[in-house]
Structure formats: structure tokens, C-alpha cells
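**Student:** Next comes the structure file structure-v7.txt, holding compact mmCIF, C-alpha atoms.
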# COMPACT_ATOMS: atom_id res chain seq x y z
CA MET N 220 18.11 -42.59 20.84
CA ASN N 221 18.76 -39.28 22.61
CA VAL N 222 20.90 -38.85 25.76
CA ILE N 223 17.91 -38.85 28.16
CA ALA N 224 16.43 -42.00 26.63
CA ARG N 225 19.84 -43.73 26.78
CA PHE N 226 20.23 -42.71 30.47
CA ALA N 227 16.71 -43.92 31.33
CA ARG N 228 17.31 -47.23 29.57
CA ARG N 229 20.58 -47.80 31.40
CA HIS N 230 18.81 -47.32 34.75
CA ASP N 231 15.68 -49.30 33.90
CA LEU N 232 15.39 -52.33 36.17
CA THR N 233 13.73 -55.55 35.09
CA CYS N 234 10.85 -56.75 37.29
CA ARG N 235 12.97 -59.68 38.43
CA ARG N 236 15.73 -57.31 39.59
CA ALA N 237 13.27 -54.87 41.21
CA VAL N 238 11.70 -57.72 43.23
CA GLU N 239 15.15 -58.91 44.35
CA LEU N 240 15.93 -55.42 45.67
CA ILE N 241 12.66 -54.86 47.55
CA THR N 242 13.84 -55.91 51.04
CA ASP N 243 16.97 -53.78 50.68
CA TYR N 244 14.68 -50.95 49.54
CA LEU N 245 12.40 -51.36 52.60
CA ASP N 246 15.46 -51.54 54.88
CA LYS N 247 16.78 -48.30 53.31
CA ALA N 248 19.95 -50.23 52.51
CA LEU N 249 20.22 -49.23 48.84
CA PRO N 250 22.65 -46.57 47.63
CA GLY N 251 20.87 -43.39 46.44
CA ARG N 252 20.92 -44.08 42.71
CA GLN N 253 19.76 -47.68 43.05
CA ARG N 254 16.98 -46.54 45.38
CA ALA N 255 15.89 -44.02 42.75
CA ASP N 256 15.95 -46.81 40.12
CA VAL N 257 13.65 -48.97 42.27
CA GLU N 258 11.30 -46.04 42.91
CA ARG N 259 11.16 -45.22 39.21
CA HIS N 260 10.41 -48.85 38.38
CA LEU N 261 7.70 -49.09 41.06
CA SER N 262 6.02 -45.90 39.83
CA ARG N 263 5.70 -47.42 36.36
CA CYS N 264 5.06 -51.10 37.09
CA PRO N 265 1.69 -52.07 38.62
CA HIS N 266 2.80 -55.71 39.09
CA CYS N 267 5.89 -54.85 41.15
CA SER N 268 3.86 -52.25 43.09
CA GLU N 269 1.35 -55.00 43.90
CA TYR N 270 4.22 -57.28 44.94
CA LEU N 271 5.52 -54.54 47.28
CA ARG N 272 2.03 -54.09 48.77
CA GLN N 273 1.76 -57.84 49.37
CA LEU N 274 5.22 -58.03 50.92
CA LYS N 275 4.35 -55.17 53.31
CA ALA N 276 1.09 -56.95 54.25
CA THR N 277 3.11 -60.15 54.80
CA ILE N 278 5.57 -58.37 57.12
CA MET N 279 2.68 -56.83 59.11
CA ALA N 280 1.02 -60.23 59.48
CA ILE N 281 4.26 -62.00 60.50
CA GLY N 282 4.58 -59.41 63.27
CA ARG N 283 1.25 -60.55 64.69
CA VAL N 284 1.65 -64.33 64.72
CA ASP N 285 2.75 -64.39 68.36
CA SER N 286 0.18 -62.65 70.53
CA ASP N 287 0.46 -65.09 73.44
CA GLN N 288 1.65 -63.91 76.83
CA LEU N 289 4.16 -65.87 78.84
CA SER N 290 2.27 -68.56 80.76
CA PRO N 291 2.16 -68.12 84.57
CA ASP N 292 3.66 -71.61 85.01
CA VAL N 293 6.72 -70.81 82.92
CA LYS N 294 7.10 -67.45 84.63
CA ASN N 295 6.96 -69.08 88.09
CA THR N 296 9.51 -71.73 87.05
CA LEU N 297 11.90 -68.99 85.95
CA ILE N 298 11.42 -66.98 89.15
CA LEU N 299 12.22 -70.13 91.15
CA LEU N 300 15.32 -70.55 89.02
CA TYR N 301 16.32 -66.97 89.91
CA ARG N 302 15.72 -67.53 93.64
CA ARG N 303 17.69 -70.80 93.66
CA ASN N 304 20.58 -69.08 91.93
CA GLU N 305 20.51 -66.13 94.31
CA GLY N 306 19.97 -68.21 97.44
CA MET F 196 10.09 -54.94 71.79
CA ARG F 197 11.57 -52.20 73.93
CA THR F 198 14.80 -50.32 73.42
CA ALA F 199 18.31 -51.22 74.52
CA GLY F 200 18.18 -48.15 76.83
CA SER F 201 15.52 -49.62 79.04
CA ASP F 202 17.36 -52.96 79.00
CA HIS F 203 20.35 -51.07 80.39
CA GLN F 204 18.26 -49.85 83.32
CA LEU F 205 17.13 -53.42 83.94
CA LEU F 206 20.75 -54.58 83.87
CA ILE F 207 21.64 -52.07 86.60
CA ARG F 208 18.70 -53.24 88.71
CA LEU F 209 19.55 -56.89 88.05
CA ARG F 210 23.10 -56.34 89.28
CA ALA F 211 21.59 -54.86 92.44
CA ARG F 212 19.80 -58.24 92.87
CA ASP F 213 16.35 -56.85 92.03
CA GLU F 214 14.05 -59.79 91.32
CA GLY F 215 11.51 -57.50 89.63
CA ALA F 216 14.10 -56.65 86.96
CA PHE F 217 14.57 -60.35 86.24
CA THR F 218 10.80 -60.84 85.94
CA GLU F 219 10.57 -57.97 83.46
CA LEU F 220 13.39 -59.40 81.36
CA VAL F 221 11.72 -62.79 81.37
CA GLN F 222 8.44 -61.25 80.20
CA ARG F 223 10.29 -59.47 77.43
CA TYR F 224 12.66 -62.14 76.16
CA HIS F 225 11.65 -65.64 77.20
CA ARG F 226 9.40 -66.30 74.22
CA PRO F 227 11.93 -64.86 71.73
CA LEU F 228 14.58 -67.12 73.31
CA VAL F 229 12.35 -70.20 72.95
CA ARG F 230 11.67 -69.28 69.31
CA LEU F 231 15.38 -68.80 68.67
CA ALA F 232 16.28 -72.14 70.26
CA GLY F 233 13.42 -73.81 68.38
CA ALA F 234 15.24 -73.29 65.10
CA PHE F 235 18.10 -75.51 66.31
CA VAL F 236 16.45 -78.31 68.27
CA SER F 237 13.81 -80.78 67.22
CA ARG F 238 11.41 -80.65 70.17
CA ASP F 239 9.55 -77.82 71.90
CA GLU F 240 10.58 -78.97 75.37
CA LEU F 241 14.26 -78.88 74.35
CA ALA F 242 13.82 -75.29 73.15
CA GLU F 243 12.24 -74.45 76.51
CA ASP F 244 15.20 -76.11 78.31
CA VAL F 245 17.69 -74.11 76.22
CA ALA F 246 15.88 -70.86 77.08
CA GLN F 247 15.94 -71.72 80.80
CA GLU F 248 19.65 -72.59 80.63
CA THR F 249 20.20 -69.24 78.90
CA TRP F 250 18.66 -67.38 81.85
CA LEU F 251 20.80 -69.34 84.29
CA ALA F 252 23.95 -68.63 82.25
CA MET F 253 23.01 -64.94 82.17
CA LEU F 254 22.59 -64.81 85.95
CA LYS F 255 25.89 -66.61 86.52
CA GLY F 256 27.74 -64.41 84.03
CA LEU F 257 26.18 -61.10 85.05
CA ASP F 258 29.18 -59.79 86.97
CA LYS F 259 31.54 -60.59 84.09
CA PHE F 260 29.33 -59.06 81.38
CA GLU F 261 31.22 -56.00 80.12
CA GLY F 262 28.39 -54.47 78.13
CA ARG F 263 30.23 -54.51 74.80
CA SER F 264 26.97 -55.63 73.21
CA SER F 265 23.43 -54.95 74.39
CA LEU F 266 21.96 -57.21 77.04
CA ARG F 267 19.53 -58.57 74.43
CA THR F 268 22.33 -59.44 71.98
CA TRP F 269 24.29 -61.14 74.77
CA LEU F 270 21.25 -63.17 75.83
CA PHE F 271 20.55 -64.22 72.24
CA GLN F 272 24.20 -65.18 71.72
CA ILE F 273 24.19 -67.37 74.83
CA CYS F 274 20.99 -68.99 73.56
CA VAL F 275 22.31 -69.64 70.04
CA ASN F 276 25.56 -71.14 71.32
CA ARG F 277 23.71 -73.44 73.71
CA ALA F 278 21.04 -74.37 71.16
CA ARG F 279 23.69 -75.15 68.53
CA SER F 280 25.52 -77.60 70.77
CA ILE F 281 22.29 -79.26 71.92
CA GLY F 282 21.05 -79.36 68.33
CA GLU F 283 24.20 -81.23 67.30
CA ARG F 284 23.80 -83.72 70.15
CA ASP F 285 20.12 -84.05 69.26
CA HIS F 286 21.28 -85.08 65.73
CA ARG F 287 19.15 -82.38 64.26
CA THR F 288 20.28 -81.96 60.69
CA VAL F 289 21.15 -78.35 60.13
CA PRO F 290 19.93 -77.72 56.60
CA VAL F 291 22.45 -76.26 54.23
CA GLU F 292 21.00 -73.01 52.99
CA HIS F 293 19.94 -73.38 49.43
CA ILE F 294 20.01 -69.92 47.94
CA GLU F 295 17.13 -69.81 45.52
CA PRO F 296 15.51 -66.76 43.90
CA ALA F 297 12.93 -64.95 46.03
CA VAL F 298 10.13 -65.58 43.55
CA ASP F 299 9.63 -68.74 41.48
CA ALA F 300 11.86 -68.36 38.49
CA GLU F 301 9.11 -69.35 36.05
CA GLN F 302 7.14 -66.25 36.96
CA PHE F 303 9.58 -64.18 34.95
CA SER F 304 10.38 -64.29 31.27
CA PRO F 305 14.01 -64.61 30.14
CA THR F 306 14.03 -60.80 29.82
CA GLY F 307 13.08 -60.46 33.53
CA ALA F 308 9.41 -59.38 33.07
CA TRP F 309 6.54 -60.98 35.03
CA THR F 310 4.89 -63.84 33.18
CA SER F 311 2.60 -64.63 36.09
CA PRO F 312 2.13 -61.29 37.87
CA PRO F 313 0.86 -61.18 41.47
CA THR F 314 -2.93 -61.30 41.75
CA PRO F 315 -4.25 -58.58 44.09
CA TRP F 316 -5.21 -59.78 47.58
CA PRO F 317 -8.46 -58.84 49.34
CA GLU F 318 -8.34 -55.44 51.03
CA ARG F 319 -8.42 -56.75 54.62
CA ASP F 320 -5.83 -57.26 57.29
CA LEU F 321 -4.37 -60.76 56.97
CA ALA F 322 -3.81 -61.00 60.72
CA ASP F 323 -7.55 -60.62 61.42
CA ASP F 324 -8.06 -64.08 59.92
CA ALA F 325 -7.16 -66.90 62.37
CA ALA F 326 -6.81 -69.50 59.60
CA MET F 327 -4.45 -67.20 57.72
CA LEU F 328 -2.35 -66.62 60.83
CA ALA F 329 -2.10 -70.41 61.28
CA ARG F 330 -0.99 -70.69 57.63
CA ILE F 331 1.66 -68.02 58.22
CA ARG F 332 2.93 -69.81 61.36
CA GLN F 333 3.22 -73.00 59.32
CA ALA F 334 5.04 -71.19 56.51
CA ILE F 335 7.54 -69.77 59.04
CA SER F 336 8.14 -73.22 60.55
CA GLU F 337 8.80 -74.65 57.07
CA LEU F 338 11.47 -72.09 56.16
CA PRO F 339 15.08 -73.22 55.88
CA GLN F 340 16.77 -72.72 59.27
CA LEU F 341 18.66 -69.46 58.66
CA GLN F 342 15.71 -67.83 56.86
CA ARG F 343 13.47 -68.81 59.76
CA LEU F 344 15.93 -67.40 62.30
CA VAL F 345 16.31 -64.09 60.47
CA VAL F 346 12.57 -63.63 59.77
CA THR F 347 11.69 -64.54 63.37
CA MET F 348 14.18 -62.13 64.89
CA ARG F 349 13.50 -59.25 62.51
CA ASP F 350 9.75 -59.46 61.92
CA ILE F 351 8.39 -61.10 65.09
CA ASP F 352 10.85 -60.01 67.77
CA GLY F 353 11.79 -56.64 66.26
CA VAL F 354 15.55 -57.20 66.51
CA THR F 355 17.72 -54.84 64.45
CA SER F 356 19.63 -56.09 61.42
CA SER F 357 23.01 -55.43 63.05
CA GLU F 358 22.03 -57.43 66.16
CA VAL F 359 20.86 -60.33 63.97
CA CYS F 360 24.25 -60.28 62.23
CA GLN F 361 26.07 -60.31 65.58
CA VAL F 362 23.96 -63.11 67.04
CA LEU F 363 24.17 -65.36 63.97
CA SER F 364 27.68 -64.29 62.84
CA ILE F 365 26.53 -63.42 59.31
CA SER F 366 27.19 -60.37 57.13
CA GLU F 367 24.65 -57.57 56.59
CA ALA F 368 24.34 -58.60 52.94
CA ASN F 369 23.60 -62.23 53.86
CA GLN F 370 21.13 -61.13 56.50
CA ARG F 371 19.17 -59.13 53.91
CA VAL F 372 19.20 -61.97 51.37
CA LEU F 373 17.93 -64.43 53.99
CA LEU F 374 15.28 -61.98 55.20
CA HIS F 375 14.11 -61.32 51.67
CA ARG F 376 13.91 -64.97 50.76
CA GLY F 377 12.15 -65.85 53.98
CA ARG F 378 9.56 -63.11 53.54
CA ALA F 379 9.10 -64.01 49.85
CA ASN F 380 8.50 -67.67 50.77
CA ILE F 381 5.90 -66.68 53.36
CA ARG F 382 4.24 -64.28 50.85
CA HIS F 383 4.07 -67.21 48.45
CA GLY F 384 2.34 -69.35 51.11
CA ILE F 385 -0.20 -66.60 51.79
CA ASP F 386 -0.75 -66.15 48.06
CA GLU F 387 -1.53 -69.85 47.62
CA ALA F 388 -4.03 -69.68 50.51
CA VAL F 389 -5.67 -66.56 49.05
CA ILE F 390 -5.95 -68.14 45.58
CA ARG F 391 -7.49 -71.36 46.98
CA ARG F 392 -10.36 -69.43 48.57
Could you quickly redo this structure as C-alpha cells?
**Tutor:**
Amino acid sequence: MNVIARFARRHDLTCRRAVELITDYLDKALPGRQRADVERHLSRCPHCSEYLRQLKATIMAIGRVDSDQLSPDVKNTLILLYRRNEG
Amino acid sequence: MRTAGSDHQLLIRLRARDEGAFTELVQRYHRPLVRLAGAFVSRDELAEDVAQETWLAMLKGLDKFEGRSSLRTWLFQICVNRARSIGERDHRTVPVEHIEPAVDAEQFSPTGAWTSPPTPWPERDLADDAAMLARIRQAISELPQLQRLVVTMRDIDGVTSSEVCQVLSISEANQRVLLHRGRANIRHGIDEAVIRR
């Protein structure tokens, strides 16, 4: 095995490890070399790339579960609370 | 959710006894406060009570607030402290976090390769499907408490990771582990719903 192959092998992540690092990767919380390892793995692994796509879709959908506005009743109760406290 | 900068302006107005500033804060943070409290207490009306008590505590403590944290972090901290004590009185069992792998262990071989790789999902926005949104809400409510708190604050309320750590008194590393596991559990719930169709 030549030097380049040995280097590549040392930095090859397993799928299990790549999946564990995905939130850190999305949060830009990985040190440079580990980030590069994840990117290299994702560029070669269609399954982990699919997992990343699904996790991003999950995060987008979680962000839309609460579309309700504050109800007028609750808002009025809180304004009364404010006025009682101030008065 | 808006920035801490605009919260600062609201704080100045609030200290000048501007009711409009209070109304804006309520619009912005009441629902996040109820969600936060909901992870500690067993009933919706208790979570609503905790959120209301949080507003009252904020108003009473306004002159003493030194601004060492953002107004939002302070509000969330008041809420968590109150919700914790009510949760204990309410005999709500606080689940001990069971740290399990993000993906079912059997999906990987002993060498760490996928044995059951993810099946592609349909190319449409999950949030456009009301039944799917209901499934996601359910999955969030079924998460272990700390995962639910972190996912709710980060992905629904748009709170930063450092604020989550301050509010819940956890490390950055723990916050990321909890966020990852929470998101992975919800992805799993969505995946099951997609496969069943």
C-alpha cells in the first residue's frame, strides 16, 4: 500500500461514524480535518448522502410544526397580567 | 425568531413601562415558553400557568436584570426553573436520558457499513402533508425529555446552541448529542410513516 492509500485509509470513516457526526457537521462544529473526512465520505457514499438529505428534510419539517398564532384570549390574559402588575 | 438586538430595544421600552413592548414580547415568546414548560409538567394547563408565572417574574425582576444574558435566555431560564419545581411537585417522572445510538444499531454491520440503508423519500416537502406534520408532532412529544427540549428550542424556536446550553446547564458536546439523537429519532418516525404508505 502506498503512502496516499495508507493516508486515505486512515481517514476513511465508517457509515456508522459518518452518521454520528452529521449533526456536528451541519452545526459546523467539526475540526477542519474531521469535516473533510465527513465530506469525503459523503461524496463517495450514496446511503449516507441519502441519510443527510433526509435529516435536512426532517429539520425543515420540524421547523414548521408550529404555525399557530397566539390566541387572542391568551394574549388578553397576559395583557391584563401586565396591567395588574403595573397598576 | 428575531435577534437579541431587537429584544434589547424591547427591553429598553419595557423598562420605560411601554405596554406595546410587552405585547410584542408575548407574541414572540409565549408559545416557546409553553413548549419549554410542557417538557417538565404533565398537563397543558400547567405549562400555560408556568409560562404566565414566567412573565410575571420577568416583570417583577425587570429592574434587577443586569443583562448578562440576553432577555430571551433570561426568560427561558426563569421558565425552566419554575417548570422544574412544579414538575417535581406534580410527581412527573423526569426520565433519565438513555444515550442510545442515533440510528438503530442493527442497521450497521459489525464493520460499521449500512446493512439496511435509508430508502429514498418522495421528492415533496414533508411539511405540506398535514398527516405527516401530525406524525412529526407526535414523534417530538415521544422523545426523551432532554432530547425534546433541545430539538424544540433549536429546530422550532430557533434558539442558538450556546443559549440552549445556558438555559439547560448542559455542555456544547451534550447539546449536540441530544440534538442529533432527537432529530434521528424523528427521522426514524417519518421514515416509518413513509414506508407504510
**Student:** Expressed in Å to a single decimal, how great is the separation between atom CA of Leu338 of chain F and atom CA of Arg378 of chain F?
**Tutor:**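 Between atom CA of Leu338 of chain F and atom CA of Arg378 of chain F the gap is 9.5 Å.
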**Student:** In Å, rounded to a single decimal, give me how far atom CA of Ile331 of chain F is from atom CA of Thr310 of chain F.
**Tutor:**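 Value for the atom CA of Thr310 of chain F-atom CA of Ile331 of chain F distance: 25.6 Å.
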**Student:** Show me, as a tab-separated table, the residues of chain F having an atom within 6 Å of chain N, each with the closest atom pair and its distance in Å, using all atoms listed in the file.
**Tutor:**
residue	atom	partner	partner_atom	distance
F:Gly307	CA	N:Arg235	CA	5.0
F:Ala308	CA	N:Cys234	CA	5.2
F:Pro312	CA	N:His266	CA	5.8
F:Leu321	CA	N:Ala280	CA	6.0
F:Ala322	CA	N:Ala280	CA	5.0
F:Asp350	CA	N:Gly282	CA	5.3
F:Ile351	CA	N:Gly282	CA	4.5
F:His375	CA	N:Thr242	CA	5.5
F:Arg382	CA	N:Thr277	CA	5.8
**Student:** Using Å and a single decimal, report how far atom CA of Leu270 of chain F sits from atom CA of Tyr224 of chain F.
**Tutor:**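 Calculated distance between atom CA of Tyr224 of chain F and atom CA of Leu270 of chain F is 8.7 Å.
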**Student:** Would you mind listing what lies within 12 Å of Arg371 of chain F as a ChimeraX atom specification, with all atoms listed in the file counted and same-chain residues fewer than 2 positions away left out?
**Tutor:** /N:239-249 /F:297,341-342,345-346,349,355-357,359-360,365-369,373-379
**Student:** Show me, as JSON, the centre and edge lengths in Å to one decimal of the axis-aligned box that covers every listed atom of segment 265-284 of chain N with 5 Å on each side.
**Tutor:**
{"center_x": 3.5, "center_y": -58.2, "center_z": 51.7, "size_x": 14.9, "size_y": 22.3, "size_z": 36.1}
**Student:** So which residues touch segment 265-268 of chain F within 9 Å, counting all atoms listed in the file, skipping near sequence neighbours fewer than 5 positions away, as JSON, numbers by chain?
**Tutor:** {"F": [199, 200, 202, 203, 206, 224, 260, 273, 354, 358, 359, 361, 362]}
**Student:** Find the residues with any atom within 9 Å of (21.8, -72.8, 75.7); use all atoms listed in the file and the coordinates as given in the file, and write the answer as an MDAnalysis selection string.
**Tutor:** chainID F and resid 232 242 244:250 252 272:281
**Student:** Determine, counting only C-alpha atoms, which protein, DNA and RNA residues have an atom within 12 Å of an atom of Arg210 of chain F; residues of the same chain fewer than 2 positions away are not included. Present the result as a PyMOL selection string.
**Tutor:** (chain N and resi 305) or (chain F and resi 203-208+212-217+253-260)
